[in-house]
Each structure stands twice: as structure tokens, then as C-alpha cells.
$ cat coords_24.cif   # mmCIF, C-alpha atoms and all ligand atoms
data_protein
loop_
_atom_site.group_PDB
_atom_site.id
_atom_site.type_symbol
_atom_site.label_atom_id
_atom_site.label_comp_id
_atom_site.auth_asym_id
_atom_site.auth_seq_id
_atom_site.Cartn_x
_atom_site.Cartn_y
_atom_site.Cartn_z
ATOM 1 C CA MET A 1 0.000 0.000 0.000
ATOM 2 C CA SER A 2 1.306 3.443 -0.918
ATOM 3 C CA LEU A 3 1.922 6.268 1.492
ATOM 4 C CA PHE A 4 1.007 9.829 0.524
ATOM 5 C CA ILE A 5 3.222 12.552 1.879
ATOM 6 C CA ALA A 6 3.429 16.332 1.718
ATOM 7 C CA SER A 7 5.140 19.223 3.400
ATOM 8 C CA LEU A 8 2.543 21.823 4.386
ATOM 9 C CA ASN A 9 5.378 24.201 5.305
ATOM 10 C CA SER A 10 9.063 23.768 6.018
ATOM 11 C CA GLY A 11 11.477 26.227 7.612
ATOM 12 C CA SER A 12 12.077 28.324 10.704
ATOM 13 C CA ASN A 13 8.716 30.039 10.094
ATOM 14 C CA GLY A 14 6.798 26.782 10.543
ATOM 15 C CA ASN A 15 6.990 23.044 9.948
ATOM 16 C CA CYS A 16 4.201 20.593 9.288
ATOM 17 C CA TYR A 17 4.585 17.269 7.487
ATOM 18 C CA TYR A 18 1.706 15.007 6.397
ATOM 19 C CA ILE A 19 2.150 11.243 6.049
ATOM 20 C CA GLY A 20 -0.818 8.990 5.418
ATOM 21 C CA ASN A 21 -2.422 6.146 3.498
ATOM 22 C CA ALA A 22 -5.958 5.791 2.145
ATOM 23 C CA THR A 23 -7.551 5.552 5.580
ATOM 24 C CA GLU A 24 -5.361 7.303 8.149
ATOM 25 C CA ALA A 25 -2.624 9.886 8.451
ATOM 26 C CA VAL A 26 -0.425 11.610 10.997
ATOM 27 C CA LEU A 27 1.087 15.054 11.108
ATOM 28 C CA VAL A 28 4.649 15.413 12.273
ATOM 29 C CA ASP A 29 4.722 18.831 13.953
ATOM 30 C CA ALA A 30 2.116 21.527 13.389
ATOM 31 C CA GLY A 31 4.052 24.749 13.344
ATOM 32 C CA ILE A 32 1.709 26.831 11.209
ATOM 33 C CA SER A 33 -1.663 28.072 12.438
ATOM 34 C CA CYS A 34 -4.640 25.737 12.527
ATOM 35 C CA ARG A 35 -6.374 27.839 9.877
ATOM 36 C CA GLU A 36 -3.371 27.747 7.564
ATOM 37 C CA THR A 37 -2.976 23.995 8.115
ATOM 38 C CA GLU A 38 -6.613 23.493 7.133
ATOM 39 C CA ARG A 39 -6.256 25.763 4.115
ATOM 40 C CA ARG A 40 -3.180 23.990 2.802
ATOM 41 C CA MET A 41 -4.639 20.525 3.411
ATOM 42 C CA GLN A 42 -7.747 21.527 1.496
ATOM 43 C CA GLN A 43 -5.672 22.978 -1.314
ATOM 44 C CA LEU A 44 -3.907 19.601 -1.624
ATOM 45 C CA GLY A 45 -7.140 17.619 -1.443
ATOM 46 C CA LEU A 46 -6.139 16.087 1.900
ATOM 47 C CA ASP A 47 -8.894 15.354 4.393
ATOM 48 C CA MET A 48 -8.420 16.404 8.033
ATOM 49 C CA ALA A 49 -10.747 13.545 8.989
ATOM 50 C CA ARG A 50 -7.996 11.153 7.976
ATOM 51 C CA VAL A 51 -5.507 12.709 10.412
ATOM 52 C CA LYS A 52 -5.515 10.611 13.583
ATOM 53 C CA ALA A 53 -2.606 12.070 15.566
ATOM 54 C CA VAL A 54 0.124 14.697 15.746
ATOM 55 C CA PHE A 55 3.686 13.777 16.671
ATOM 56 C CA VAL A 56 5.891 16.511 18.115
ATOM 57 C CA SER A 57 9.615 16.492 17.360
ATOM 58 C CA HIS A 58 10.571 19.223 19.849
ATOM 59 C CA GLU A 59 9.241 22.358 21.512
ATOM 60 C CA HIS A 60 10.561 25.110 19.226
ATOM 61 C CA ILE A 61 7.722 27.376 18.174
ATOM 62 C CA ASP A 62 8.134 26.640 14.456
ATOM 63 C CA HIS A 63 7.074 23.049 15.266
ATOM 64 C CA ILE A 64 4.212 23.567 17.715
ATOM 65 C CA ARG A 65 2.521 26.897 16.903
ATOM 66 C CA GLY A 66 -0.711 25.364 15.592
ATOM 67 C CA ILE A 67 -0.985 22.386 17.929
ATOM 68 C CA PRO A 68 -3.201 23.673 20.769
ATOM 69 C CA VAL A 69 -5.981 24.885 18.452
ATOM 70 C CA LEU A 70 -5.653 22.007 15.971
ATOM 71 C CA ALA A 71 -5.651 19.326 18.672
ATOM 72 C CA LYS A 72 -8.651 20.823 20.431
ATOM 73 C CA LYS A 73 -10.701 21.426 17.298
ATOM 74 C CA TYR A 74 -10.154 17.938 15.850
ATOM 75 C CA ARG A 75 -9.712 16.106 19.174
ATOM 76 C CA LEU A 76 -6.358 14.847 18.010
ATOM 77 C CA PRO A 77 -4.083 12.936 20.337
ATOM 78 C CA VAL A 78 -0.719 14.679 20.616
ATOM 79 C CA TYR A 79 2.270 12.363 20.978
ATOM 80 C CA ILE A 80 4.956 14.288 22.833
ATOM 81 C CA THR A 81 7.563 13.426 25.454
ATOM 82 C CA ALA A 82 7.079 14.750 28.985
ATOM 83 C CA ALA A 83 10.164 16.990 28.739
ATOM 84 C CA THR A 84 9.071 18.462 25.413
ATOM 85 C CA LEU A 85 5.560 19.101 26.725
ATOM 86 C CA GLN A 86 6.919 20.757 29.844
ATOM 87 C CA HIS A 87 9.220 23.053 27.864
ATOM 88 C CA SER A 88 6.578 23.825 25.239
ATOM 89 C CA GLY A 89 4.327 25.658 27.657
ATOM 90 C CA MET A 90 1.307 24.059 25.930
ATOM 91 C CA ALA A 91 -1.613 23.300 28.201
ATOM 92 C CA LEU A 92 -2.703 19.954 26.838
ATOM 93 C CA GLY A 93 -2.651 16.331 27.847
ATOM 94 C CA GLY A 94 -0.054 14.700 25.637
ATOM 95 C CA ILE A 95 0.606 11.014 25.129
ATOM 96 C CA PRO A 96 4.261 10.223 25.857
ATOM 97 C CA PHE A 97 6.418 8.154 23.535
ATOM 98 C CA ARG A 98 9.847 6.604 23.926
ATOM 99 C CA ALA A 99 12.703 6.389 21.460
ATOM 100 C CA LEU A 100 12.717 3.197 19.370
ATOM 101 C CA GLU A 101 9.293 2.119 20.645
ATOM 102 C CA PRO A 102 6.978 2.287 17.613
ATOM 103 C CA VAL A 103 3.544 3.826 18.119
ATOM 104 C CA THR A 104 0.739 2.267 16.072
ATOM 105 C CA ILE A 105 -1.888 4.529 14.516
ATOM 106 C CA GLY A 106 -4.197 2.200 12.545
ATOM 107 C CA SER A 107 -1.922 0.635 9.956
ATOM 108 C CA LEU A 108 0.788 3.283 10.388
ATOM 109 C CA HIS A 109 3.778 2.722 12.644
ATOM 110 C CA VAL A 110 5.667 5.731 13.932
ATOM 111 C CA THR A 111 9.155 5.104 15.306
ATOM 112 C CA PRO A 112 10.835 7.959 17.176
ATOM 113 C CA PHE A 113 14.579 8.198 17.698
ATOM 114 C CA THR A 114 16.709 10.835 19.412
ATOM 115 C CA LYS A 115 18.688 13.517 17.610
ATOM 116 C CA HIS A 116 21.191 16.294 18.325
ATOM 117 C CA HIS A 117 19.361 19.617 18.661
ATOM 118 C CA ASP A 118 19.224 22.356 21.269
ATOM 119 C CA ALA A 119 15.835 21.368 22.668
ATOM 120 C CA ALA A 120 14.740 19.500 25.803
ATOM 121 C CA ASP A 121 14.176 16.050 24.290
ATOM 122 C CA PRO A 122 14.291 16.214 20.469
ATOM 123 C CA HIS A 123 13.310 13.271 18.257
ATOM 124 C CA SER A 124 13.207 12.365 14.586
ATOM 125 C CA PHE A 125 10.549 9.974 13.254
ATOM 126 C CA VAL A 126 10.140 7.228 10.715
ATOM 127 C CA VAL A 127 6.561 6.520 9.620
ATOM 128 C CA SER A 128 5.983 3.154 7.995
ATOM 129 C CA CYS A 129 3.153 1.135 6.541
ATOM 130 C CA ASN A 130 3.542 -2.273 4.890
ATOM 131 C CA ASN A 131 7.287 -1.829 4.611
ATOM 132 C CA VAL A 132 7.148 1.589 2.965
ATOM 133 C CA ARG A 133 9.141 3.925 5.175
ATOM 134 C CA ILE A 134 9.215 7.736 5.326
ATOM 135 C CA GLY A 135 11.798 9.658 7.373
ATOM 136 C CA ILE A 136 11.215 13.072 8.901
ATOM 137 C CA PHE A 137 14.695 14.371 9.645
ATOM 138 C CA THR A 138 14.892 18.107 10.380
ATOM 139 C CA ASP A 139 16.440 20.264 13.119
ATOM 140 C CA ILE A 140 19.538 18.129 13.454
ATOM 141 C CA GLY A 141 22.800 19.615 14.690
ATOM 142 C CA ALA A 142 24.940 16.749 13.487
ATOM 143 C CA PRO A 143 24.361 13.424 11.765
ATOM 144 C CA CYS A 144 24.574 10.393 14.048
ATOM 145 C CA GLU A 145 24.631 6.608 13.651
ATOM 146 C CA GLN A 146 20.910 6.402 14.248
ATOM 147 C CA LEU A 147 20.153 8.943 11.542
ATOM 148 C CA ALA A 148 22.391 7.082 9.102
ATOM 149 C CA HIS A 149 20.702 3.792 10.005
ATOM 150 C CA HIS A 150 17.129 5.032 9.664
ATOM 151 C CA PHE A 151 17.852 7.034 6.516
ATOM 152 C CA SER A 152 19.343 3.921 4.955
ATOM 153 C CA LEU A 153 15.960 2.176 5.286
ATOM 154 C CA CYS A 154 13.739 4.929 3.877
ATOM 155 C CA HIS A 155 11.820 5.073 0.606
ATOM 156 C CA ALA A 156 11.344 8.821 0.967
ATOM 157 C CA ALA A 157 12.675 11.364 3.424
ATOM 158 C CA PHE A 158 12.263 14.946 4.497
ATOM 159 C CA LEU A 159 15.919 15.778 5.087
ATOM 160 C CA GLU A 160 17.163 19.051 6.485
ATOM 161 C CA ALA A 161 19.530 21.108 4.320
ATOM 162 C CA ASN A 162 19.455 24.255 6.400
ATOM 163 C CA TYR A 163 22.416 26.375 5.420
ATOM 164 C CA ASP A 164 25.319 26.964 3.119
ATOM 165 C CA PRO A 165 28.397 27.256 5.383
ATOM 166 C CA ASP A 166 29.838 30.236 3.469
ATOM 167 C CA MET A 167 26.549 32.099 3.311
ATOM 168 C CA LEU A 168 26.190 31.604 7.057
ATOM 169 C CA GLU A 169 29.783 32.697 7.748
ATOM 170 C CA ASN A 170 29.518 35.815 5.588
ATOM 171 C CA GLY A 171 25.914 36.630 6.422
ATOM 172 C CA ARG A 172 24.413 39.175 8.782
ATOM 173 C CA TYR A 173 23.666 36.888 11.728
ATOM 174 C CA PRO A 174 25.409 37.708 15.024
ATOM 175 C CA ILE A 175 28.259 35.373 15.869
ATOM 176 C CA TYR A 176 26.412 33.637 18.720
ATOM 177 C CA LEU A 177 23.610 32.707 16.315
ATOM 178 C CA LYS A 178 26.044 31.501 13.646
ATOM 179 C CA ASN A 179 27.687 29.296 16.252
ATOM 180 C CA ARG A 180 24.340 28.033 17.481
ATOM 181 C CA ILE A 181 23.351 26.962 13.967
ATOM 182 C CA ARG A 182 26.615 25.224 13.066
ATOM 183 C CA GLY A 183 27.715 24.140 16.533
ATOM 184 C CA GLY A 184 26.483 20.541 16.494
ATOM 185 C CA LYS A 185 23.142 21.207 18.235
ATOM 186 C CA GLY A 186 21.618 23.443 15.587
ATOM 187 C CA HIS A 187 21.002 22.501 11.993
ATOM 188 C CA LEU A 188 22.381 20.349 9.161
ATOM 189 C CA SER A 189 24.284 22.143 6.407
ATOM 190 C CA ASN A 190 23.789 21.412 2.717
ATOM 191 C CA LEU A 191 27.032 19.460 2.686
ATOM 192 C CA GLN A 192 26.233 17.376 5.755
ATOM 193 C CA ALA A 193 22.911 16.481 4.136
ATOM 194 C CA LEU A 194 24.650 15.677 0.864
ATOM 195 C CA GLU A 195 27.173 13.445 2.563
ATOM 196 C CA LEU A 196 24.387 11.531 4.269
ATOM 197 C CA PHE A 197 22.553 11.229 0.944
ATOM 198 C CA ASN A 198 25.610 10.020 -0.920
ATOM 199 C CA THR A 199 26.853 7.567 1.665
ATOM 200 C CA CYS A 200 23.738 6.146 3.314
ATOM 201 C CA ARG A 201 20.938 6.208 0.781
ATOM 202 C CA PRO A 202 19.334 2.862 0.109
ATOM 203 C CA ALA A 203 18.746 1.505 -3.379
ATOM 204 C CA THR A 204 15.033 1.856 -2.669
ATOM 205 C CA LEU A 205 15.038 5.616 -2.058
ATOM 206 C CA GLN A 206 12.470 7.191 -4.396
ATOM 207 C CA LEU A 207 12.135 10.723 -3.148
ATOM 208 C CA LEU A 208 14.116 13.271 -1.159
ATOM 209 C CA LEU A 209 12.444 16.448 0.091
ATOM 210 C CA LEU A 210 15.121 18.900 1.145
ATOM 211 C CA SER A 211 13.688 20.653 4.159
ATOM 212 C CA HIS A 212 13.978 23.469 6.710
ATOM 213 C CA LEU A 213 16.077 25.692 4.416
ATOM 214 C CA SER A 214 17.235 28.939 5.971
ATOM 215 C CA ARG A 215 15.808 32.061 4.333
ATOM 216 C CA ASP A 216 19.020 34.031 4.857
ATOM 217 C CA ASN A 217 21.752 31.433 4.632
ATOM 218 C CA ASN A 218 20.622 29.233 1.769
ATOM 219 C CA SER A 219 19.168 29.231 -1.695
ATOM 220 C CA PRO A 220 16.613 26.687 -2.939
ATOM 221 C CA GLU A 221 18.095 26.767 -6.461
ATOM 222 C CA LEU A 222 21.596 26.096 -5.176
ATOM 223 C CA VAL A 223 20.539 23.141 -3.028
ATOM 224 C CA GLN A 224 18.378 21.694 -5.782
ATOM 225 C CA GLU A 225 21.252 21.910 -8.227
ATOM 226 C CA LEU A 226 23.702 20.373 -5.769
ATOM 227 C CA PHE A 227 21.533 17.346 -5.086
ATOM 228 C CA ASN A 228 20.380 16.939 -8.703
ATOM 229 C CA HIS A 229 23.999 16.328 -9.537
ATOM 230 C CA TYR A 230 23.906 13.123 -7.447
ATOM 231 C CA ALA A 231 20.249 12.162 -7.825
ATOM 232 C CA CYS A 232 20.815 9.042 -9.958
ATOM 233 C CA GLY A 233 17.074 8.636 -10.445
ATOM 234 C CA VAL A 234 15.935 9.791 -7.007
ATOM 235 C CA GLU A 235 13.303 12.527 -7.274
ATOM 236 C CA ILE A 236 14.692 15.586 -5.516
ATOM 237 C CA THR A 237 12.564 18.514 -4.459
ATOM 238 C CA VAL A 238 12.861 21.438 -2.056
ATOM 239 C CA ALA A 239 10.122 21.808 0.572
ATOM 240 C CA SER A 240 9.189 25.471 0.615
ATOM 241 C CA ARG A 241 8.975 27.886 3.522
ATOM 242 C CA TYR A 242 6.218 29.771 1.697
ATOM 243 C CA GLY A 243 3.701 27.086 0.798
ATOM 244 C CA ALA A 244 2.819 23.418 0.617
ATOM 245 C CA SER A 245 4.552 20.903 -1.624
ATOM 246 C CA LYS A 246 2.453 18.698 -3.848
ATOM 247 C CA VAL A 247 1.288 15.344 -2.504
ATOM 248 C CA PHE A 248 3.762 12.595 -3.376
ATOM 249 C CA GLU A 249 2.820 8.951 -3.623
ATOM 250 C CA VAL A 250 5.510 6.657 -2.247
ATOM 251 C CA ASP A 251 5.039 2.980 -3.034
ATOM 252 C CA GLY A 252 8.566 1.773 -2.384
ATOM 253 C CA LYS A 253 9.122 0.861 -6.020
ATOM 254 C CA TRP A 254 12.152 2.141 -7.875
ATOM 255 C CA ARG A 255 11.142 4.518 -10.688
ATOM 256 C CA GLY A 256 14.543 5.262 -12.168
ATOM 257 C CA THR A 257 16.349 3.144 -14.720
ATOM 258 C CA ALA A 258 18.492 0.113 -13.935
ATOM 259 C CA ALA A 259 21.547 2.110 -14.998
ATOM 260 C CA GLN A 260 20.685 4.886 -12.540
ATOM 261 C CA ALA A 261 20.246 2.368 -9.731
ATOM 262 C CA ALA A 262 23.620 0.889 -10.530
ATOM 263 C CA ALA A 263 25.205 4.352 -10.701
ATOM 264 C CA ALA A 264 23.754 5.278 -7.314
ATOM 265 C CA MET A 265 25.251 2.203 -5.738
ATOM 266 C CA GLN A 266 28.592 2.778 -7.392
ATOM 267 C CA LEU A 267 29.061 6.409 -6.520
ATOM 268 C CA PRO A 268 32.754 7.062 -6.141
ATOM 269 C CA ASP A 269 34.130 6.737 -2.654
ATOM 270 C CA ARG A 270 33.009 9.243 -0.106
ATOM 271 C CA ARG A 271 35.954 11.632 -0.412
ATOM 272 C CA GLU A 272 35.864 11.799 -4.190
ATOM 273 C CA THR A 273 32.096 12.265 -4.182
ATOM 274 C CA LEU A 274 32.343 15.133 -1.797
ATOM 275 C CA THR A 275 35.172 16.772 -3.734
ATOM 276 C CA GLN A 276 33.196 16.627 -6.966
ATOM 277 C CA ALA A 277 30.091 17.878 -5.226
ATOM 278 C CA LEU A 278 32.023 20.743 -3.712
ATOM 279 C CA GLN A 279 33.390 21.791 -7.069
ATOM 280 C CA ALA A 280 29.940 21.844 -8.651
ATOM 281 C CA TYR A 281 28.544 23.540 -5.582
ATOM 282 C CA ASN A 282 31.206 26.258 -5.499
ATOM 283 C CA THR A 283 30.697 26.978 -9.179
ATOM 284 C CA GLY A 284 26.986 27.477 -8.515
ATOM 285 C CA ARG A 285 27.714 29.608 -5.477
ATOM 286 C CA LYS A 286 30.133 31.874 -7.347
ATOM 287 C CA ALA A 287 27.547 32.375 -10.069
ATOM 288 C CA ARG A 288 24.973 33.349 -7.468
ATOM 289 C CA LYS A 289 27.398 35.678 -5.752
ATOM 290 C CA ARG A 290 28.026 37.459 -9.065
ATOM 291 C CA GLN A 291 24.267 37.871 -9.487
ATOM 292 C CA GLN A 292 23.892 39.183 -5.950
ATOM 293 C CA THR A 293 26.803 41.610 -6.373
ATOM 294 C CA ALA A 294 25.232 42.900 -9.555
ATOM 295 C CA VAL A 295 21.939 43.421 -7.750
ATOM 296 C CA THR A 296 23.629 45.127 -4.788
ATOM 297 C CA GLN A 297 25.650 47.423 -7.036
ATOM 298 C CA GLY A 298 22.545 48.261 -8.993
ATOM 299 C CA ASN A 299 20.880 49.325 -5.743
ATOM 300 C CA LEU A 300 23.725 51.401 -4.364
ATOM 301 C CA GLY A 301 21.860 54.672 -4.576
ATOM 302 C CA PHE A 302 18.941 53.314 -2.604
ATOM 303 C CA PRO A 303 20.117 52.138 0.819
ATOM 304 C CA GLU A 304 17.451 50.239 2.787
HETATM 305 ZN ZN ZN B 401 12.784 24.115 13.316
HETATM 306 ZN ZN ZN B 402 14.401 23.447 16.397
#
$ encode --input "coords_24.cif" --output "C-alpha cells"
Amino acid sequence: MSLFIASLNSGSNGNCYYIGNATEAVLVDAGISCRETERRMQQLGLDMARVKAVFVSHEHIDHIRGIPVLAKKYRLPVYITAATLQHSGMALGGIPFRALEPVTIGSLHVTPFTKHHDAADPHSFVVSCNNVRIGIFTDIGAPCEQLAHHFSLCHAAFLEANYDPDMLENGRYPIYLKNRIRGGKGHLSNLQALELFNTCRPATLQLLLLSHLSRDNNSPELVQELFNHYACGVEITVASRYGASKVFEVDGKWRGTAAQAAAAMQLPDRRETLTQALQAYNTGRKARKRQQTAVTQGNLGFPE
């Protein structure tokens, strides 16, 4: 049986991910308002009646903003650890979960596992149904063994590609914020995400949704281009911070060619892959920088 997945929004302004089959669905996080969640679900032809639960990854506002109203209005159980609930400040009765203990919602199985992030008790999730597995991997300061393991079993994944290291370094953020983002408890960079993709992806991976992109320290075109270079038949898309993605059907069947599957499994060794990726990436970045410089110079007479 296929799973249907969509990002309703992805980024520091709000995260909400839909994963469901023909009869039931879950939301992972609900960080946009209840009204906006409803609007985007309707726009995608997704029925709120199918949503049976919300799972909360951590207490940051971009992951919980819509939960109190949504949970009350639709009487949704909210799966959340005690520490996350306590730090969230939400007045609701959550249902606790434990890492590596799957929660069953109808025919869906949701497996939480811990991750590195500056929150009280942060978790990633894998949602599975009949051996089709979807990973929801955002807000991760550094990759870990568990992430590599779970990613290597997925048929589709929302994977964080939050920032370009140079854009972050040269950007306008104060130093404490730069260090928070890249310090191992913040977010995954484009290159950390790429390394995970190139070294741990399974032959069965159909779809990668690059997620939680920074508005200031990243560029959707740049990330798309970087990953396209190594797609080898995997559908790559960027989950937007300004709207919902389309609904993707994930059936666990490979849709690329046999040659692409073989190429994916024979990617050059890790170091060579990363070197090639970096070259392509830097070329793209230089081109963008030239564009930006041209724009800035064109605006010199009109300071903001
Ligand atoms: Zn976040
Ligand atoms: Zn966070």
C-alpha cells in the first residue's frame, strides 16, 4: 500500500509534514496556524478527517505553533515526550512516547529516535506502513549513527539542508547565532545532508524532500542543483517555507532506470564524491554571488 506525503510548510517560520495512506494519516509537527494547516490541506485535497494524531519532534515554536488549536478542534491525540511538553508551555494532555518504541496509529507505525538539537528532548521519526518507510529528519545539529541507520531504510525522506556554510559565515547573523546553527546542536548544512545522501541512501530511495532551508543562509536553487547532480534517479525537491509541496505517492518501487540504480550504488568513494560535489557547488555559489553583487551594485543609490 502506498503512502502519501506532503510538506505543508518547512522552515524556521513553521513546519508541518503530512504522512498517510488511504484511511489514516499523521502530522509530524504543526508549526503553522490551525487555519493555515486546514487551508493547505484543502488545497492539496487532503482530508483532516484522515488525520488521527500529531507527533511533536521538539518544543521550538516553528514546530508547535498550531498544535493547541488544531488538537482541540479535531480532538487529536498529541504524541509528545514529557520533557518536550513541559518546555513547550502548551496546556494539553499529551501522550508520551519513547525512542525506538513504535507507536501504532491504525496501519501506520511511527518510530521515534533521538537527535542532536538544542531542545529538551528532540526526536526524529520514521513513519511506515507495509514496509514503505518515510523519514522526517529536520532540526539536526549533526548526523549520528541512528540517523544514518534510519535514513538507509527509507523510501522517501524529508531531510534538512538548512544552510550553506559560506553564506552563514559571511551573512548578517550575530556570531552567537552563527555558532548556534553550526555548533552541532543546531542545523544540518547542505554538505552534511549531501554526505548523508551520498553515503547512506538505500537503493530503494524514491524521493528526497530537502527541508527546513534557511531564508538568509541558503538558496533553494543552489541546493536543488547540488543534489540533482547526485540524484541518480531519485526525485529531488525542495520543501518550501512559503507554501505546501504537492502530494507525493511513495510505493517503495524504484522509478529510475536500472543504470541509474547501478550508478547510485557505485558512486565514487566518499571523499571523491564530496570533492566533486564541492566543485559543482562552489561553481553554482560563485555564479549566485556574481548575481547578488550585480543586484547590490545596482541598488547602491537606494540604501534600505
Ligand atoms: Zn525548526
Ligand atoms: Zn528546532
$ resolve_selection --input "coords_24.cif" --expression "the PyMOL selection byres (((chain A and resi 231-237) around 8) and not hetatm)" --output "ChimeraX atom specification"
/A:205-210,224,227-230,238-239,255-257,260-261,263-264
$ write_last_selection --input "coords_24.cif" --atoms "C-alpha atoms" --output "mmCIF file, in the coordinates of the input"
data_model
loop_
_atom_site.group_PDB
_atom_site.id
_atom_site.type_symbol
_atom_site.label_atom_id
_atom_site.label_comp_id
_atom_site.auth_asym_id
_atom_site.auth_seq_id
_atom_site.Cartn_x
_atom_site.Cartn_y
_atom_site.Cartn_z
ATOM 1 C CA LEU A 205 15.038 5.616 -2.058
ATOM 2 C CA GLN A 206 12.470 7.191 -4.396
ATOM 3 C CA LEU A 207 12.135 10.723 -3.148
ATOM 4 C CA LEU A 208 14.116 13.271 -1.159
ATOM 5 C CA LEU A 209 12.444 16.448 0.091
ATOM 6 C CA LEU A 210 15.121 18.900 1.145
ATOM 7 C CA GLN A 224 18.378 21.694 -5.782
ATOM 8 C CA PHE A 227 21.533 17.346 -5.086
ATOM 9 C CA ASN A 228 20.380 16.939 -8.703
ATOM 10 C CA HIS A 229 23.999 16.328 -9.537
ATOM 11 C CA TYR A 230 23.906 13.123 -7.447
ATOM 12 C CA VAL A 238 12.861 21.438 -2.056
ATOM 13 C CA ALA A 239 10.122 21.808 0.572
ATOM 14 C CA ARG A 255 11.142 4.518 -10.688
ATOM 15 C CA GLY A 256 14.543 5.262 -12.168
ATOM 16 C CA THR A 257 16.349 3.144 -14.720
ATOM 17 C CA GLN A 260 20.685 4.886 -12.540
ATOM 18 C CA ALA A 261 20.246 2.368 -9.731
ATOM 19 C CA ALA A 263 25.205 4.352 -10.701
ATOM 20 C CA ALA A 264 23.754 5.278 -7.314
#
$ resolve_selection --input "coords_24.cif" --expression "the PyMOL selection byres (((chain A and resi 102-116) around 6) and not hetatm)" --output "PyMOL selection string"
chain A and resi 99-101+117+122-129+140-141+185
$ closest_atom_pairs --input "coords_24.cif" --of "chain A" --to "ligand ZN 402 (chain B)" --cutoff "12 Å" --atoms "all atoms listed in the file" --output "Markdown table"
| residue | atom | partner | partner_atom | distance |
| --- | --- | --- | --- | --- |
| A:Ser10 | CA | B:ZN402 | ZN | 11.7 |
| A:Gly11 | CA | B:ZN402 | ZN | 9.7 |
| A:Ser12 | CA | B:ZN402 | ZN | 7.8 |
| A:Asn13 | CA | B:ZN402 | ZN | 10.7 |
| A:Gly14 | CA | B:ZN402 | ZN | 10.2 |
| A:Asn15 | CA | B:ZN402 | ZN | 9.8 |
| A:Asp29 | CA | B:ZN402 | ZN | 11.0 |
| A:Gly31 | CA | B:ZN402 | ZN | 10.9 |
| A:Val56 | CA | B:ZN402 | ZN | 11.1 |
| A:Ser57 | CA | B:ZN402 | ZN | 8.5 |
| A:His58 | CA | B:ZN402 | ZN | 6.7 |
| A:Glu59 | CA | B:ZN402 | ZN | 7.3 |
| A:His60 | CA | B:ZN402 | ZN | 5.1 |
| A:Ile61 | CA | B:ZN402 | ZN | 8.0 |
| A:Asp62 | CA | B:ZN402 | ZN | 7.3 |
| A:His63 | CA | B:ZN402 | ZN | 7.4 |
| A:Ile64 | CA | B:ZN402 | ZN | 10.3 |
| A:Thr84 | CA | B:ZN402 | ZN | 11.6 |
| A:Ser88 | CA | B:ZN402 | ZN | 11.8 |
| A:Lys115 | CA | B:ZN402 | ZN | 10.9 |
| A:His116 | CA | B:ZN402 | ZN | 10.0 |
| A:His117 | CA | B:ZN402 | ZN | 6.7 |
| A:Asp118 | CA | B:ZN402 | ZN | 6.9 |
| A:Ala119 | CA | B:ZN402 | ZN | 6.8 |
| A:Ala120 | CA | B:ZN402 | ZN | 10.2 |
| A:Asp121 | CA | B:ZN402 | ZN | 10.8 |
| A:Pro122 | CA | B:ZN402 | ZN | 8.3 |
| A:His123 | CA | B:ZN402 | ZN | 10.4 |
| A:Ser124 | CA | B:ZN402 | ZN | 11.3 |
| A:Phe137 | CA | B:ZN402 | ZN | 11.3 |
| A:Thr138 | CA | B:ZN402 | ZN | 8.1 |
| A:Asp139 | CA | B:ZN402 | ZN | 5.0 |
| A:Ile140 | CA | B:ZN402 | ZN | 8.0 |
| A:Gly141 | CA | B:ZN402 | ZN | 9.4 |
| A:Glu160 | CA | B:ZN402 | ZN | 11.2 |
| A:Asn162 | CA | B:ZN402 | ZN | 11.2 |
| A:Arg180 | CA | B:ZN402 | ZN | 11.0 |
| A:Ile181 | CA | B:ZN402 | ZN | 9.9 |
| A:Lys185 | CA | B:ZN402 | ZN | 9.2 |
| A:Gly186 | CA | B:ZN402 | ZN | 7.3 |
| A:His187 | CA | B:ZN402 | ZN | 8.0 |
| A:Leu188 | CA | B:ZN402 | ZN | 11.2 |
| A:His212 | CA | B:ZN402 | ZN | 9.7 |
$ closest_residue --input "coords_24.cif" --among "A:Lys253, A:Arg215, A:Lys246, A:Arg241" --to "His155 of chain A" --atoms "only C-alpha atoms"
A:Lys253
$ atom_distance --input "coords_24.cif" --atom1 "atom CA of Glu24 of chain A" --atom2 "atom CA of Ala83 of chain A"
27.5 Å
$ axis_aligned_box --input "coords_24.cif" --around "segment 110-128 of chain A" --padding-each-side "3 Å" --output "JSON"
{"center_x": 13.4, "center_y": 12.8, "center_z": 16.9, "size_x": 21.5, "size_y": 25.2, "size_z": 23.8}
$ closest_residue --input "coords_24.cif" --among "A:Arg39, A:Val132, A:Ala30, A:Leu92" --to "ligand ZN 401 (chain B)" --atoms "only C-alpha atoms and all ligand atoms"
A:Ala30
$ resolve_selection --input "coords_24.cif" --expression "the PyMOL selection byres (((chain A and resi 95) around 9) and not hetatm)" --output "NGL selection string"
:A and (77-82 or 93-94 or 96-97)
$ residues_around --input "coords_24.cif" --residues "Phe4 of chain A" --least-positions-apart "4" --cutoff "7 Å" --atoms "only C-alpha atoms" --output "short mmCIF file (atom, residue, chain, number, x, y, z; two decimals) with C-alpha atoms, in the coordinates of the input"
data_model
loop_
_atom_site.label_atom_id
_atom_site.label_comp_id
_atom_site.auth_asym_id
_atom_site.auth_seq_id
_atom_site.Cartn_x
_atom_site.Cartn_y
_atom_site.Cartn_z
CA ILE A 19 2.15 11.24 6.05
CA GLY A 20 -0.82 8.99 5.42
CA ASN A 21 -2.42 6.15 3.50
CA VAL A 247 1.29 15.34 -2.50
CA PHE A 248 3.76 12.60 -3.38
CA GLU A 249 2.82 8.95 -3.62
CA VAL A 250 5.51 6.66 -2.25
#
$ build_atoms --input "coords_24.cif" --residues "segment 162-170 of chain A" --atoms "N, CA and C atoms" --output "mmCIF file, keeping the file's coordinate frame"
data_model
loop_
_atom_site.group_PDB
_atom_site.id
_atom_site.type_symbol
_atom_site.label_atom_id
_atom_site.label_comp_id
_atom_site.auth_asym_id
_atom_site.auth_seq_id
_atom_site.Cartn_x
_atom_site.Cartn_y
_atom_site.Cartn_z
ATOM 1 N N ASN A 162 19.817 22.943 5.852
ATOM 2 C CA ASN A 162 19.455 24.255 6.400
ATOM 3 C C ASN A 162 20.278 25.406 5.866
ATOM 4 N N TYR A 163 21.599 25.201 5.751
ATOM 5 C CA TYR A 163 22.416 26.375 5.420
ATOM 6 C C TYR A 163 23.621 26.021 4.575
ATOM 7 N N ASP A 164 24.058 27.029 3.848
ATOM 8 C CA ASP A 164 25.319 26.964 3.119
ATOM 9 C C ASP A 164 26.377 27.534 4.065
ATOM 10 N N PRO A 165 27.439 26.792 4.376
ATOM 11 C CA PRO A 165 28.397 27.256 5.383
ATOM 12 C C PRO A 165 28.986 28.637 5.076
ATOM 13 N N ASP A 166 29.265 28.924 3.811
ATOM 14 C CA ASP A 166 29.838 30.236 3.469
ATOM 15 C C ASP A 166 28.815 31.354 3.603
ATOM 16 N N MET A 167 27.591 31.067 3.184
ATOM 17 C CA MET A 167 26.549 32.099 3.311
ATOM 18 C C MET A 167 26.317 32.416 4.786
ATOM 19 N N LEU A 168 26.363 31.383 5.619
ATOM 20 C CA LEU A 168 26.190 31.604 7.057
ATOM 21 C C LEU A 168 27.355 32.432 7.598
ATOM 22 N N GLU A 169 28.574 32.022 7.254
ATOM 23 C CA GLU A 169 29.783 32.697 7.748
ATOM 24 C C GLU A 169 29.789 34.180 7.341
ATOM 25 N N ASN A 170 29.422 34.444 6.096
ATOM 26 C CA ASN A 170 29.518 35.815 5.588
ATOM 27 C C ASN A 170 28.223 36.612 5.747
#
